[in-house]
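A quick write-up on the structure given underneath.
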Amino acid sequence: MIKKDLKNLINLALKKLCVLEKINYKEFDFNVEVPPKNIKADYATNVCLVGARYFKKSPKILSEELKNILLSEDIDFINSKKESKIFINIKNITCLGQGFLNFDLDLSSFLYSFLYFYNNKEYYFFNNDDKFKKILLEFVSANPTGPLHIGHARGAAIGDSLSRLLKKKGHIVETEYYVNNAGNQMNILKESLEIRYRQVLGEKIDFPENHYMGDYITEIARDLYEEKRIKDYKQIDFKTIILNKMLDIIKSELKRFNVEIDNWFFETKILEKDSSGTNDLDRVMKILEDKNLIKDIDGAKWLNTAEFSEDDKDRVIIRKDGRPTYFASDIAYHENKYIRNYDLMIDIWGADHHGYVPRIKASMEYLGNDKEKLHIILYQLVSLIRDGEKVAMSTRKGEFISLVEVLEEVGLDATRFFLLMRSTDNPIEFDLSLAKKSTNENPVFYIEYAHARIHSIMKNFYNEFHEYNGFIFDKIEDKYLSILEKNLNQEEDISIIKTLISFKEILNFAERDFSPHYITTYLLDLAGKFHNYYNKYKIIDKANSNKTLSRILLIKEIAFVIKNGLEILGITAPESM
């Protein structure tokens, strides 16, 4: 809010300068940002660097002229400011370097913003110019060949948190899991269960090394025999049984991880023939063939991705035996997404799919779709650390650590937070020992403890100040502004207020970059400022009701922001610990 007001105020000064220079005013873009920590100022702008060419003067001279206007007592300029409803007061402006303007604002500017956010909490999440979108968010989509491991969990945490954030920002969001149930992996999984079942029946049969060796296959086979007692294994539809069993396991694990999936889209859906004898894949192939984008080489069909995209070579989409490749199915699946008419489609994939991005986006463009509507997020892998050593994971040999095992060891909140602490570009080393600690070293404990401590303080406040019992403090009347100005004027007060009013911008960054890590970093900083504040200042002072009330309002807003930030991350905000 302050940035917006400051930008409006600078535009008024630019208009005033145009009047003085007798030139027409034409709005141009410039930035207002919080400067680096080594710059002692509240905000800085590059307006003079950007506007120098427009005004045909050096940035340094322009900065001095704008500074004089912004600090002037010119009645026309002041009236324009009031008419534009700008609620900031500039204490000082310095011109730095070759044209940067640095602003020091009066305390009232920050307190007004604090008051506004406190009374209009929806403003944290919405802008007046927000254009809400219909969004499809696909994530996890792991082959249903085994339980989810910690690598899958990172994609699940990112996807679910993004869904929560985008909904909080007002968008219509659907989440989706794409089930690869038609490829060779399903045949191998089916054979794995069949062999284990035959072993349960007493057959001496070797288990192939390239099949799924996890204990979960053996357990399913035993349970199946106990339930069915069928001696003739040829009567059993192992493929349907193992698919349903694995999906039940995955759905249960996601639910335990606090993840809800709206749509379960099966690969077989795009391969099913309709009444005309064609399917989604056939229709996609016809479009590509009509555009001469398909090559026939030795009986296989290749998509010409090398010539028309950033891909390094052409790709097989139909094998010699007529079976579609995974790439072919993915083309038809993504075309189906476009047909469902979303404004934005987000895929969340592991970083090992990096080479897949240009070919899938190119294929959408070949089909006549806007490839910019498809946004693909790649996340780096997770290393699970136990006793200082990495734990190997393999879905076939069964040597992986499952998501459920991690949840049982460290809990839901710590698991989600640790998986969201870094940007998707960075790999994560998940330290199980740290995640289990109930100390300030554990970042999620540190944040949750801040929220619980504030609730404890609020209880004590109501016990000490009985006249406020039942008073919810939903709104702060304007008359309290002067009280806040007298009692929230310490450096730590101002630092917390600045952090609170920046929550909106943090959410905007997270939405812009599709990355919840902005929120984890922010909450850790806010919790740290609260704990330091609590240790330095007496929040409840029976002898000073105005100071107590001011600090109660401050920490109550901290609790609100922490709770909402944690909710977006899918993490609880406990009121006691």
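Residue numbers start at 1 in each chain; chains themselves are named A, B, ... in the order of the structure tokens; ligands are numbered from 1 in the order shown.
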With stretch 244-264 of chain A as the partner and 9 Å as the cut-off, tabulate the residues of stretch 367-485 of chain A that qualify, each row holding the nearest pair of atoms and their distance in Å to one decimal, using only C-alpha atoms, sorted by chain and rising number, as a tab-separated table.
```
residue	atom	partner	partner_atom	distance
A:Leu403	CA	A:Glu253	CA	7.5
A:Val404	CA	A:Glu253	CA	6.6
A:Leu407	CA	A:Phe257	CA	7.9
A:Leu412	CA	A:Phe257	CA	6.3
A:Thr415	CA	A:Phe257	CA	8.8
A:Arg416	CA	A:Phe257	CA	8.0
```
Exercise. Can you list, as a ChimeraX atom specification, every protein, DNA or RNA residue that comes within 9 Å of A:Ile454 when you count only C-alpha atoms, leaving out same-chain residues fewer than 2 positions away?
Worked result: /A:449-452,456-459,552,555-556,558-559,575
Write the residues you've just listed into a file as a compact mmCIF listing (two decimals), in the first residue's frame, and include all heavy atoms for each of them.
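What follows is the written file part.txt:
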```
# COMPACT_ATOMS: atom_id res chain seq x y z
N TYR A 449 5.39 -21.73 17.72
CA TYR A 449 5.50 -21.30 19.11
C TYR A 449 5.18 -19.81 19.24
O TYR A 449 4.57 -19.38 20.23
CB TYR A 449 6.89 -21.60 19.65
CG TYR A 449 7.07 -21.30 21.11
CD1 TYR A 449 6.14 -21.74 22.06
CD2 TYR A 449 8.18 -20.58 21.57
CE1 TYR A 449 6.29 -21.46 23.40
CE2 TYR A 449 8.34 -20.30 22.92
CZ TYR A 449 7.39 -20.74 23.83
OH TYR A 449 7.54 -20.46 25.16
N ALA A 450 5.55 -19.03 18.23
CA ALA A 450 5.21 -17.60 18.25
C ALA A 450 3.69 -17.42 18.26
O ALA A 450 3.16 -16.61 19.03
CB ALA A 450 5.81 -16.90 17.04
N HIS A 451 3.00 -18.19 17.43
CA HIS A 451 1.54 -18.09 17.38
C HIS A 451 0.92 -18.51 18.70
O HIS A 451 0.02 -17.84 19.23
CB HIS A 451 1.01 -18.96 16.24
CG HIS A 451 -0.45 -18.82 15.99
ND1 HIS A 451 -1.40 -19.64 16.58
CD2 HIS A 451 -1.16 -17.92 15.24
CE1 HIS A 451 -2.60 -19.27 16.20
NE2 HIS A 451 -2.49 -18.23 15.38
N ALA A 452 1.39 -19.62 19.26
CA ALA A 452 0.85 -20.11 20.54
C ALA A 452 1.15 -19.12 21.67
O ALA A 452 0.30 -18.88 22.54
CB ALA A 452 1.45 -21.48 20.86
N SER A 456 -1.41 -17.11 24.31
CA SER A 456 -1.23 -17.14 25.77
C SER A 456 -1.21 -15.71 26.33
O SER A 456 -1.82 -15.43 27.37
CB SER A 456 0.08 -17.86 26.10
OG SER A 456 0.31 -17.83 27.50
N ILE A 457 -0.54 -14.81 25.63
CA ILE A 457 -0.50 -13.41 26.05
C ILE A 457 -1.90 -12.81 26.02
O ILE A 457 -2.28 -12.04 26.93
CB ILE A 457 0.45 -12.60 25.14
CG1 ILE A 457 1.89 -13.08 25.32
CG2 ILE A 457 0.36 -11.10 25.46
CD1 ILE A 457 2.85 -12.51 24.29
N MET A 458 -2.66 -13.13 24.98
CA MET A 458 -4.02 -12.60 24.88
C MET A 458 -4.88 -13.06 26.05
O MET A 458 -5.67 -12.28 26.62
CB MET A 458 -4.67 -13.04 23.57
CG MET A 458 -4.05 -12.43 22.32
SD MET A 458 -4.17 -10.62 22.26
CE MET A 458 -5.94 -10.39 22.28
N LYS A 459 -4.74 -14.31 26.47
CA LYS A 459 -5.49 -14.81 27.64
C LYS A 459 -5.11 -14.02 28.88
O LYS A 459 -5.97 -13.62 29.68
CB LYS A 459 -5.21 -16.30 27.84
CG LYS A 459 -5.87 -17.20 26.81
CD LYS A 459 -5.56 -18.67 27.11
CE LYS A 459 -6.20 -19.57 26.08
NZ LYS A 459 -5.88 -21.01 26.34
N ILE A 552 -0.91 -5.04 22.24
CA ILE A 552 -1.84 -6.17 22.01
C ILE A 552 -2.33 -6.16 20.56
O ILE A 552 -2.40 -7.20 19.89
CB ILE A 552 -3.02 -6.11 22.99
CG1 ILE A 552 -2.57 -6.54 24.39
CG2 ILE A 552 -4.19 -6.96 22.51
CD1 ILE A 552 -2.18 -8.00 24.49
N ILE A 555 0.58 -7.46 18.32
CA ILE A 555 0.84 -8.91 18.32
C ILE A 555 -0.36 -9.70 17.81
O ILE A 555 -0.21 -10.79 17.27
CB ILE A 555 1.29 -9.41 19.71
CG1 ILE A 555 0.15 -9.32 20.73
CG2 ILE A 555 2.53 -8.66 20.18
CD1 ILE A 555 0.45 -10.06 22.02
N LYS A 556 -1.55 -9.13 17.98
CA LYS A 556 -2.74 -9.80 17.44
C LYS A 556 -2.67 -9.86 15.92
O LYS A 556 -3.05 -10.87 15.31
CB LYS A 556 -4.00 -9.07 17.88
CG LYS A 556 -5.30 -9.80 17.54
CD LYS A 556 -6.48 -9.16 18.21
CE LYS A 556 -7.78 -9.82 17.80
NZ LYS A 556 -7.82 -11.26 18.07
N ILE A 558 0.15 -9.90 14.26
CA ILE A 558 1.19 -10.90 13.99
C ILE A 558 0.58 -12.29 13.96
O ILE A 558 0.86 -13.10 13.06
CB ILE A 558 2.31 -10.83 15.05
CG1 ILE A 558 3.06 -9.50 14.97
CG2 ILE A 558 3.29 -11.99 14.88
CD1 ILE A 558 4.08 -9.29 16.09
N ALA A 559 -0.27 -12.59 14.94
CA ALA A 559 -0.91 -13.91 15.00
C ALA A 559 -1.78 -14.15 13.77
O ALA A 559 -1.79 -15.26 13.23
CB ALA A 559 -1.75 -14.02 16.28
N GLU A 575 -2.78 -22.94 19.14
CA GLU A 575 -3.01 -21.88 20.12
C GLU A 575 -2.33 -22.18 21.45
O GLU A 575 -2.29 -21.33 22.33
CB GLU A 575 -4.51 -21.66 20.32
CG GLU A 575 -5.20 -21.16 19.04
CD GLU A 575 -6.66 -20.80 19.26
OE1 GLU A 575 -7.12 -20.89 20.42
OE2 GLU A 575 -7.33 -20.44 18.27
```
Exercise. DSSP on the backbone: what in stretch 90-234 of chain A comes out strand (DSSP E or B), as number ranges by chain?
Worked result: A: 90-96, 100-105, 134-138, 149, 172-179
Exercise. With distances taken over only C-alpha atoms, which of A:Gly146, A:Pro427, A:Gly322, A:Pro516 is nearest to A:Leu569?
Worked result: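 For A:Leu569, the nearest of the given residues is A:Pro516.
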For this session: Do a neighbour search on stretch 485-493 of chain A at 12 Å with only C-alpha atoms, toss out local chain neighbours closer than 4 positions, and write the hits as a ChimeraX atom specification.
Result: /A:106-112,114-115,478-481,497-500,526,528-537,539,544-555,558
Problem set entry | Members of stretch 336-457 of chain A assigned helix (DSSP H, G or I) by DSSP, as a PyMOL selection string | chain A and resi 336-339+351-353+356-366+371-373+403-410+412-419+432-435+443-457
For this session: List the neighbours of A:Val410 out to 7 Å using only C-alpha atoms; skip same-chain residues closer than 5 positions along the sequence, and give me the result as number ranges by chain.
Result: A: 415, 432, 435-436
Next, the residues of the selection above should be written as a compact mmCIF listing (two decimals), in the first residue's frame with C-alpha atoms.
```txt
# COMPACT_ATOMS: atom_id res chain seq x y z
CA THR A 415 7.51 -32.38 6.80
CA LEU A 432 15.21 -35.58 10.08
CA ALA A 435 12.77 -31.60 12.02
CA LYS A 436 12.04 -33.56 15.22
```
Problem set entry | Counting only C-alpha atoms, the residue of A:Ile339, A:Leu193, A:Leu243, A:Leu70 that sits nearest A:Asp215 |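 Answer, going by the shortest atom-to-atom distance: A:Leu193.
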For this session: Between A:Asn127, A:Thr218, A:Gln380, A:Asn292, single out the one closest to A:Glu505, counting only C-alpha atoms.
Result: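 Closest candidate: A:Asn127.
Residues in contact with A:Lys231 at up to 9 Å, not including ones fewer than 4 positions away on its chain and judged by only C-alpha atoms, are A:Arg198, A:Leu201, A:Tyr225, A:Gln235.
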Go ahead and write the residues just picked, C-alpha atoms, as a PDB file, in the first residue's frame.
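This is the output file out01.pdb:
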```pdb
ATOM      1  CA  ARG A 198       1.843 -67.547  -7.066  1.00  0.00           C
ATOM      2  CA  LEU A 201       0.291 -70.329  -3.317  1.00  0.00           C
ATOM      3  CA  TYR A 225      -5.207 -64.607  -1.040  1.00  0.00           C
ATOM      4  CA  GLN A 235      -8.975 -66.293 -12.774  1.00  0.00           C
TER       5      GLN A 235
END
```
Exercise. What is the distance, in Å and to one decimal place, between atom CA of A:Tyr177 and atom CA of A:Met213?
Worked result: 24.8 Å
Taking 5 positions as the minimum chain separation for residues in the same chain, which residues sit within 8 Å of A:His171 when counting only C-alpha atoms? Answer as a CSV table (one decimal) with N, CA and C atoms, in the first residue's frame.
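Result written to result-v9.csv:
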```csv
chain,number,residue,atom,x,y,z
A,132,PHE,N,-9.3,-12.5,-11.8
A,132,PHE,CA,-9.3,-13.9,-11.3
A,132,PHE,C,-9.4,-14.9,-12.5
A,133,LYS,N,-8.6,-16.0,-12.3
A,133,LYS,CA,-8.5,-17.0,-13.4
A,133,LYS,C,-9.1,-18.3,-13.0
A,134,LYS,N,-9.4,-19.1,-14.0
A,134,LYS,CA,-9.7,-20.5,-13.8
A,134,LYS,C,-8.5,-21.3,-14.1
A,135,ILE,N,-8.0,-22.0,-13.1
A,135,ILE,CA,-6.7,-22.6,-13.1
A,135,ILE,C,-6.7,-24.1,-12.9
A,166,LEU,N,-3.4,-19.7,-4.4
A,166,LEU,CA,-4.2,-19.1,-5.6
A,166,LEU,C,-5.7,-19.0,-5.2
```
Exercise. Using only C-alpha atoms, which of A:Asp29, A:Asp296, A:Glu73, A:Glu203 sits nearest A:Tyr233?
Worked result: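 Residue with the minimum atom-to-atom distance to A:Tyr233: A:Glu203.
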